[in-house]
file upload.cif (mmCIF, C-alpha atoms (C1' of nucleotides))
data_start
#
loop_
_atom_site.label_atom_id
_atom_site.label_comp_id
_atom_site.auth_asym_id
_atom_site.auth_seq_id
_atom_site.Cartn_x
_atom_site.Cartn_y
_atom_site.Cartn_z
CA MET C 1 0.65 12.81 -9.43
CA ARG C 2 -1.32 11.57 -6.52
CA GLY C 3 0.78 10.79 -3.49
CA GLN C 4 1.40 7.17 -2.59
CA ALA C 5 0.48 6.12 -6.10
CA LEU C 6 3.67 4.18 -6.53
CA LYS C 7 2.96 2.13 -3.48
CA GLY C 8 4.20 -1.31 -4.33
CA HIS C 9 5.82 -0.28 -7.57
CA LEU C 10 8.80 1.62 -6.29
CA ASP C 11 11.01 -1.45 -6.24
CA LEU C 12 10.39 -2.05 -9.91
CA LEU C 13 11.43 1.50 -10.70
CA LEU C 14 14.58 1.40 -8.62
CA LEU C 15 15.67 -1.96 -9.95
CA THR C 16 15.06 -0.73 -13.46
CA ILE C 17 17.21 2.33 -12.95
CA LEU C 18 19.97 0.20 -11.49
CA ALA C 19 19.76 -2.28 -14.32
CA ASP C 20 21.36 0.44 -16.39
CA GLY C 21 24.50 0.12 -14.28
CA PRO C 22 25.67 0.73 -10.71
CA LYS C 23 24.67 4.08 -9.26
CA HIS C 24 24.73 5.82 -5.93
CA GLY C 25 21.49 6.81 -4.25
CA TYR C 26 21.45 10.40 -5.24
CA ALA C 27 22.08 9.48 -8.86
CA VAL C 28 19.24 6.98 -8.74
CA ILE C 29 16.89 9.75 -7.69
CA GLU C 30 18.16 11.93 -10.49
CA GLN C 31 17.90 9.25 -13.14
CA LEU C 32 14.42 8.33 -12.06
CA ARG C 33 13.36 11.93 -12.39
CA LEU C 34 14.90 12.22 -15.83
CA ALA C 35 13.57 8.91 -17.09
CA SER C 36 10.06 9.72 -15.96
CA ASP C 37 9.96 13.25 -17.32
CA ASP C 38 9.80 14.75 -13.83
CA VAL C 39 6.82 12.66 -12.80
CA PHE C 40 8.83 10.69 -10.25
CA ASP C 41 10.74 13.27 -8.28
CA LEU C 42 11.09 11.26 -5.13
CA PRO C 43 12.19 12.52 -1.73
CA GLU C 44 15.29 10.99 -0.20
CA GLY C 45 13.24 9.64 2.67
CA THR C 46 11.50 7.46 0.14
CA VAL C 47 14.43 6.27 -1.90
CA TYR C 48 17.19 5.64 0.62
CA PRO C 49 15.18 3.35 2.87
CA ALA C 50 13.92 1.56 -0.21
CA LEU C 51 17.47 0.92 -1.39
CA HIS C 52 18.33 -0.45 2.04
CA ARG C 53 15.34 -2.70 1.85
CA LEU C 54 16.31 -3.98 -1.58
CA GLN C 55 19.81 -4.70 -0.36
CA ARG C 56 18.47 -6.55 2.66
CA ALA C 57 16.38 -8.58 0.25
CA GLY C 58 19.54 -9.49 -1.63
CA TYR C 59 18.59 -7.62 -4.79
CA LEU C 60 21.36 -5.08 -4.47
CA SER C 61 24.87 -4.94 -3.16
CA SER C 62 26.58 -1.73 -2.19
CA SER C 63 30.03 -0.33 -1.66
CA TRP C 64 31.30 2.93 -0.25
CA SER C 65 33.58 5.32 -2.00
CA GLU C 66 34.68 8.91 -1.68
CA VAL C 67 34.43 11.30 -4.58
CA GLN C 68 35.66 14.84 -4.08
CA GLY C 69 35.22 14.81 -0.36
CA ARG C 70 31.76 13.28 -0.50
CA ARG C 71 31.08 9.76 0.54
CA ARG C 72 28.96 7.74 -1.79
CA ARG C 73 27.26 4.45 -1.46
CA THR C 74 27.06 2.81 -4.82
CA TYR C 75 24.48 0.12 -5.46
CA THR C 76 24.82 -2.73 -7.90
CA LEU C 77 22.10 -5.08 -9.06
CA THR C 78 22.75 -8.68 -8.04
CA ASN C 79 21.74 -11.74 -10.00
CA LYS C 80 18.86 -12.19 -7.64
CA GLY C 81 17.94 -8.58 -8.25
CA THR C 82 17.97 -9.11 -11.99
CA ALA C 83 15.66 -12.06 -11.61
CA ALA C 84 13.37 -10.05 -9.36
CA LEU C 85 13.32 -7.26 -11.88
CA GLY C 86 12.17 -9.66 -14.54
CA GLU C 87 9.34 -10.91 -12.40
CA GLN C 88 8.29 -7.45 -11.38
CA ARG C 89 8.26 -6.22 -14.93
CA GLN C 90 5.93 -9.05 -15.80
CA SER C 91 3.78 -8.30 -12.77
CA TRP C 92 3.55 -4.70 -13.79
CA THR C 93 2.53 -5.55 -17.30
CA GLU C 94 -0.18 -7.89 -16.10
CA PHE C 95 -1.35 -5.41 -13.53
CA SER C 96 -1.47 -2.39 -15.79
CA HIS C 97 -3.19 -4.30 -18.55
CA ALA C 98 -5.78 -5.54 -16.10
CA VAL C 99 -6.44 -2.01 -14.90
CA GLY C 100 -6.71 -0.98 -18.51
CA ARG C 101 -9.29 -3.66 -19.16
CA VAL C 102 -11.35 -2.56 -16.18
CA LEU C 103 -11.20 1.07 -17.25
CA GLN C 104 -12.36 0.13 -20.70
CA SER C 105 -14.95 -2.29 -19.48
CA ARG C 106 -17.51 0.41 -20.14
CA PRO C 107 -17.48 3.50 -22.31
CA TRP C 108 -16.03 6.62 -20.83
CA PRO C 109 -16.56 9.51 -20.54
CA SER C 110 -18.83 9.77 -23.49
CA THR C 111 -21.74 8.01 -21.85
CA PRO C 112 -24.36 10.47 -20.63
CA MET D 1 -0.43 -11.10 -9.49
CA ARG D 2 1.79 -9.84 -6.74
CA GLY D 3 -0.06 -9.00 -3.59
CA GLN D 4 -0.49 -5.39 -2.60
CA ALA D 5 0.16 -4.30 -6.17
CA LEU D 6 -3.08 -2.39 -6.31
CA LYS D 7 -2.12 -0.37 -3.30
CA GLY D 8 -3.46 3.07 -4.00
CA HIS D 9 -5.34 2.07 -7.10
CA LEU D 10 -8.18 0.11 -5.61
CA ASP D 11 -10.40 3.16 -5.32
CA LEU D 12 -10.09 3.81 -9.02
CA LEU D 13 -11.17 0.26 -9.77
CA LEU D 14 -14.13 0.31 -7.43
CA LEU D 15 -15.36 3.70 -8.61
CA THR D 16 -15.04 2.51 -12.19
CA ILE D 17 -17.13 -0.57 -11.55
CA LEU D 18 -19.77 1.51 -9.82
CA ALA D 19 -19.81 4.03 -12.63
CA ASP D 20 -21.57 1.34 -14.59
CA GLY D 21 -24.51 1.60 -12.21
CA PRO D 22 -25.37 0.91 -8.56
CA LYS D 23 -24.23 -2.44 -7.26
CA HIS D 24 -23.97 -4.24 -3.96
CA GLY D 25 -20.60 -5.22 -2.58
CA TYR D 26 -20.59 -8.81 -3.63
CA ALA D 27 -21.56 -7.85 -7.16
CA VAL D 28 -18.75 -5.32 -7.23
CA ILE D 29 -16.28 -8.07 -6.44
CA GLU D 30 -17.78 -10.23 -9.16
CA GLN D 31 -17.78 -7.51 -11.77
CA LEU D 32 -14.22 -6.57 -10.97
CA ARG D 33 -13.18 -10.15 -11.43
CA LEU D 34 -15.00 -10.40 -14.73
CA ALA D 35 -13.81 -7.06 -16.06
CA SER D 36 -10.21 -7.87 -15.24
CA ASP D 37 -10.22 -11.39 -16.66
CA ASP D 38 -9.74 -12.92 -13.21
CA VAL D 39 -6.70 -10.83 -12.41
CA PHE D 40 -8.50 -8.90 -9.68
CA ASP D 41 -10.21 -11.52 -7.57
CA LEU D 42 -10.29 -9.56 -4.38
CA PRO D 43 -11.10 -10.87 -0.92
CA GLU D 44 -14.08 -9.39 0.85
CA GLY D 45 -11.83 -8.07 3.58
CA THR D 46 -10.30 -5.85 0.97
CA VAL D 47 -13.38 -4.64 -0.80
CA TYR D 48 -15.90 -4.07 1.97
CA PRO D 49 -13.72 -1.78 4.05
CA ALA D 50 -12.75 0.07 0.88
CA LEU D 51 -16.39 0.67 0.01
CA HIS D 52 -16.98 1.99 3.52
CA ARG D 53 -14.03 4.28 3.12
CA LEU D 54 -15.31 5.58 -0.20
CA GLN D 55 -18.68 6.24 1.31
CA ARG D 56 -17.09 8.07 4.25
CA ALA D 57 -15.25 10.16 1.69
CA GLY D 58 -18.57 11.05 0.10
CA TYR D 59 -17.87 9.24 -3.14
CA LEU D 60 -20.59 6.66 -2.63
CA SER D 61 -23.99 6.47 -1.04
CA SER D 62 -25.58 3.24 0.03
CA SER D 63 -28.94 1.75 0.85
CA TRP D 64 -30.05 -1.54 2.32
CA SER D 65 -32.46 -3.93 0.74
CA GLU D 66 -33.49 -7.54 1.08
CA VAL D 67 -33.48 -9.88 -1.86
CA GLN D 68 -34.60 -13.46 -1.29
CA GLY D 69 -33.82 -13.49 2.36
CA ARG D 70 -30.41 -11.92 1.91
CA ARG D 71 -29.67 -8.41 2.95
CA ARG D 72 -27.79 -6.30 0.49
CA ARG D 73 -26.11 -2.99 0.72
CA THR D 74 -26.23 -1.27 -2.62
CA TYR D 75 -23.74 1.45 -3.42
CA THR D 76 -24.31 4.33 -5.79
CA LEU D 77 -21.72 6.71 -7.15
CA THR D 78 -22.30 10.31 -6.02
CA ASN D 79 -21.47 13.40 -8.02
CA LYS D 80 -18.43 13.86 -5.90
CA GLY D 81 -17.53 10.28 -6.64
CA THR D 82 -17.86 10.84 -10.36
CA ALA D 83 -15.54 13.80 -10.11
CA ALA D 84 -13.05 11.79 -8.10
CA LEU D 85 -13.20 9.03 -10.66
CA GLY D 86 -12.28 11.48 -13.38
CA GLU D 87 -9.27 12.71 -11.44
CA GLN D 88 -8.15 9.25 -10.56
CA ARG D 89 -8.41 8.07 -14.13
CA GLN D 90 -6.17 10.92 -15.14
CA SER D 91 -3.75 10.14 -12.31
CA TRP D 92 -3.61 6.56 -13.39
CA THR D 93 -2.87 7.48 -16.96
CA GLU D 94 -0.08 9.80 -15.96
CA PHE D 95 1.33 7.28 -13.53
CA SER D 96 1.24 4.30 -15.85
CA HIS D 97 2.73 6.25 -18.70
CA ALA D 98 5.52 7.45 -16.45
CA VAL D 99 6.27 3.90 -15.37
CA GLY D 100 6.24 2.89 -19.00
CA ARG D 101 8.75 5.59 -19.83
CA VAL D 102 11.06 4.45 -17.07
CA LEU D 103 10.82 0.83 -18.17
CA GLN D 104 11.68 1.82 -21.68
CA SER D 105 14.36 4.25 -20.66
CA ARG D 106 16.86 1.58 -21.58
CA PRO D 107 16.66 -1.46 -23.83
CA TRP D 108 15.35 -4.64 -22.32
CA PRO D 109 15.88 -7.53 -22.11
CA SER D 110 18.13 -7.66 -25.12
CA THR D 111 21.10 -5.90 -23.55
CA PRO D 112 23.80 -8.33 -22.53
"C1'" DA M 1 -30.85 -34.72 8.58
"C1'" DC M 2 -26.53 -33.10 7.47
"C1'" DT M 3 -23.07 -30.95 4.98
"C1'" DT M 4 -21.23 -28.17 1.53
"C1'" DG M 5 -20.90 -24.23 -1.16
"C1'" DA M 6 -22.47 -19.98 -3.07
"C1'" DC M 7 -24.35 -15.72 -1.58
"C1'" DA M 8 -23.82 -11.55 1.41
"C1'" DC M 9 -22.28 -8.90 4.96
"C1'" DC M 10 -19.00 -7.49 8.93
"C1'" DT M 11 -14.64 -6.44 11.89
"C1'" DA M 12 -9.95 -6.53 14.38
"C1'" DG M 13 -5.43 -6.48 13.72
"C1'" DC M 14 -1.18 -7.17 11.07
"C1'" DA M 15 2.44 -5.88 7.84
"C1'" DT M 16 4.05 -3.13 4.45
"C1'" DT M 17 5.57 1.06 2.71
"C1'" DG M 18 5.78 5.88 0.95
"C1'" DC M 19 6.88 10.07 2.85
"C1'" DA M 20 7.48 14.11 5.85
"C1'" DA M 21 10.76 15.90 8.90
"C1'" DA M 22 14.60 16.20 11.06
"C1'" DG M 23 19.65 15.64 11.27
"C1'" DT M 24 24.92 15.34 9.60
"C1'" DG M 25 28.55 16.80 6.58
"C1'" DT M 26 31.16 18.55 2.07
"C1'" DA M 27 31.87 21.68 -1.85
"C1'" DG M 28 31.25 25.77 -4.38
"C1'" DG M 29 29.32 30.11 -5.50
"C1'" DT M 30 27.74 35.03 -4.16
"C1'" DA O 1 28.60 34.56 6.11
"C1'" DC O 2 25.06 32.43 3.57
"C1'" DC O 3 22.86 29.57 0.37
"C1'" DT O 4 22.40 25.82 -2.79
"C1'" DA O 5 23.55 21.41 -4.53
"C1'" DC O 6 25.43 17.15 -3.32
"C1'" DA O 7 25.06 12.92 -0.39
"C1'" DC O 8 23.56 10.02 3.23
"C1'" DT O 9 20.79 8.85 7.51
"C1'" DT O 10 16.89 7.97 10.76
"C1'" DT O 11 12.39 8.31 13.39
"C1'" DG O 12 7.77 8.10 13.17
"C1'" DC O 13 3.27 8.69 11.00
"C1'" DA O 14 -0.60 7.42 8.03
"C1'" DA O 15 -2.62 4.83 4.78
"C1'" DT O 16 -4.23 0.55 3.11
"C1'" DG O 17 -4.53 -4.29 1.35
"C1'" DC O 18 -5.30 -8.48 3.29
"C1'" DT O 19 -5.59 -12.40 6.63
"C1'" DA O 20 -8.55 -14.45 9.61
"C1'" DG O 21 -12.04 -14.76 11.93
"C1'" DG O 22 -17.18 -14.05 12.57
"C1'" DT O 23 -22.68 -13.90 11.33
"C1'" DG O 24 -26.55 -15.40 8.59
"C1'" DT O 25 -29.49 -17.17 4.24
"C1'" DC O 26 -30.49 -20.43 0.67
"C1'" DA O 27 -30.04 -24.34 -2.60
"C1'" DA O 28 -28.13 -28.66 -3.76
"C1'" DG O 29 -26.06 -32.79 -2.84
"C1'" DT O 30 -25.44 -37.06 0.16
#

call {"tool": "encode", "arguments": {"input": "upload.cif", "output": "structure tokens"}}
result
Amino acid sequence: MRGQALKGHLDLLLLTILADGPKHGYAVIEQLRLASDDVFDLPEGTVYPALHRLQRAGYLSSSWSEVQGRRRRTYTLTNKGTAALGEQRQSWTEFSHAVGRVLQSRPWPSTP
Amino acid sequence: MRGQALKGHLDLLLLTILADGPKHGYAVIEQLRLASDDVFDLPEGTVYPALHRLQRAGYLSSSWSEVQGRRRRTYTLTNKGTAALGEQRQSWTEFSHAVGRVLQSRPWPSTP
DNA sequence: ACTTGACACCTAGCATTGCAAAGTGTAGGT
DNA sequence: ACCTACACTTTGCAATGCTAGGTGTCAAGT
């Protein structure tokens, strides 16, 4: 995939993953990779700051725990986050359909 | 639509519009609006710099003309631009499908 | 005559954000 | 001892959409 392609759509992905249930950052990365069939294999420097941002926005809450000597920060979707997810899903649908319409606005690639 | 959502996908849209035939900037904006059913009604400050960027990248060539007292800069897709369009279409497909997979990776919104 | 709006182009500068790159520390295997 | 996976963090860069201003033409309304 082209780099930076998920610009503006990362939040939707993260919120979606966390809608499945609370997860710590590393697990979010893993789940996103699995759910996307390895298409979204995001670096930590992308995901962790994004999670912080989403928490600052009130979409996530987090709590620390220690599991087998490793500290974990587990994120949970808030009500506000759930609402935001709904909106962003709708946005995505509208956006992707619009792109689809533009791409189909003329025949391709069978036009010589 | 949410602002900034087309971050990283604007080039694809512009190249697609211009694949239909040479157009000047203002017409590109118009066509994009029409083709997207008013979803992509982009400000000039978005489109003009993007066209310049695409030309700098070698994807477009341009020529000036004057039509009824108004100067126009008409952009034409280059071979390189056509190739880039092909790649970006493929990227988009992969990306949007991956997002779709993630969104469907768990039931929604019918899970309580 | 004046104003408004569509046409048609331009640029500076801001804000956002994905990501590379570096760092810290634990646990477990070879 | 070393490496890999786990787990989290931060700094700083680069890209880019968009706001907000600007210039100028032409047609239509008032």

call {"tool": "resolve_selection", "arguments": {"input": "upload.cif", "expression": "the PyMOL selection byres ((chain C) within 7 of (chain O))", "output": "ChimeraX atom specification"}}
result
/C:26,70-72

call {"tool": "write_last_selection", "arguments": {"input": "upload.cif", "atoms": "C-alpha atoms", "output": "mmCIF file, keeping the file's coordinate frame"}}
result
data_model
loop_
_atom_site.group_PDB
_atom_site.id
_atom_site.type_symbol
_atom_site.label_atom_id
_atom_site.label_comp_id
_atom_site.auth_asym_id
_atom_site.auth_seq_id
_atom_site.Cartn_x
_atom_site.Cartn_y
_atom_site.Cartn_z
ATOM 1 C CA TYR C 26 21.450 10.400 -5.240
ATOM 2 C CA ARG C 70 31.760 13.280 -0.500
ATOM 3 C CA ARG C 71 31.080 9.760 0.540
ATOM 4 C CA ARG C 72 28.960 7.740 -1.790
#

call {"tool": "resolve_selection", "arguments": {"input": "upload.cif", "expression": "the PyMOL selection byres ((chain D and resi 44-60) around 7)", "output": "ChimeraX atom specification"}}
result
/D:25,42-43,61-62,75-78,80-81 /O:17-18

call {"tool": "interface_residues", "arguments": {"input": "upload.cif", "of": "chain D", "to": "chain C", "cutoff": "10 Å", "atoms": "all atoms listed in the file", "output": "PyMOL selection string"}}
result
chain D and resi 1-10+12-17+19-20+31-40+86-109+111

call {"tool": "closest_atom_pairs", "arguments": {"input": "upload.cif", "of": "chain M", "to": "chain C", "cutoff": "6 Å", "atoms": "all atoms listed in the file", "output": "tab-separated table"}}
result
residue	atom	partner	partner_atom	distance
M:DG18	C1'	C:Gln4	CA	5.8
M:DC19	C1'	C:Thr46	CA	6.0
M:DT26	C1'	C:Arg70	CA	5.9

call {"tool": "atom_distance", "arguments": {"input": "upload.cif", "atom1": "atom CA of Ala83 of chain D", "atom2": "atom CA of Ala27 of chain D"}}
result
22.7 Å

call {"tool": "resolve_selection", "arguments": {"input": "upload.cif", "expression": "the PyMOL selection byres ((chain D and resi 63) around 6)", "output": "PyMOL selection string"}}
result
chain D and resi 62+64+73-74

call {"tool": "atom_distance", "arguments": {"input": "upload.cif", "atom1": "atom CA of Ala84 of chain C", "atom2": "atom CA of Leu18 of chain C"}}
result
12.4 Å

call {"tool": "atom_distance", "arguments": {"input": "upload.cif", "atom1": "atom CA of Thr82 of chain D", "atom2": "atom CA of Glu30 of chain D"}}
result
21.1 Å

call {"tool": "decode", "arguments": {"input": "upload.cif", "residues": "segment 31-49 of chain D", "atoms": "C-alpha atoms", "output": "PDB file, in the first residue's frame"}}
result
ATOM      1  CA  GLN D  31     -16.209  17.940 -13.161  1.00  0.00           C
ATOM      2  CA  LEU D  32     -15.108  16.552  -9.840  1.00  0.00           C
ATOM      3  CA  ARG D  33     -18.147  18.035  -8.214  1.00  0.00           C
ATOM      4  CA  LEU D  34     -20.433  16.617 -10.862  1.00  0.00           C
ATOM      5  CA  ALA D  35     -18.822  13.193 -10.934  1.00  0.00           C
ATOM      6  CA  SER D  36     -19.027  12.878  -7.171  1.00  0.00           C
ATOM      7  CA  ASP D  37     -22.608  14.063  -6.828  1.00  0.00           C
ATOM      8  CA  ASP D  38     -21.531  17.201  -4.963  1.00  0.00           C
ATOM      9  CA  VAL D  39     -19.530  15.306  -2.383  1.00  0.00           C
ATOM     10  CA  PHE D  40     -16.225  16.684  -3.631  1.00  0.00           C
ATOM     11  CA  ASP D  41     -16.766  20.403  -3.961  1.00  0.00           C
ATOM     12  CA  LEU D  42     -13.191  21.428  -3.478  1.00  0.00           C
ATOM     13  CA  PRO D  43     -11.882  24.930  -2.854  1.00  0.00           C
ATOM     14  CA  GLU D  44      -9.497  26.378  -5.392  1.00  0.00           C
ATOM     15  CA  GLY D  45      -6.798  26.585  -2.767  1.00  0.00           C
ATOM     16  CA  THR D  46      -6.890  22.831  -2.662  1.00  0.00           C
ATOM     17  CA  VAL D  47      -7.025  22.046  -6.326  1.00  0.00           C
ATOM     18  CA  TYR D  48      -4.683  24.571  -7.928  1.00  0.00           C
ATOM     19  CA  PRO D  49      -1.677  23.759  -5.777  1.00  0.00           C
TER      20      PRO D  49
END
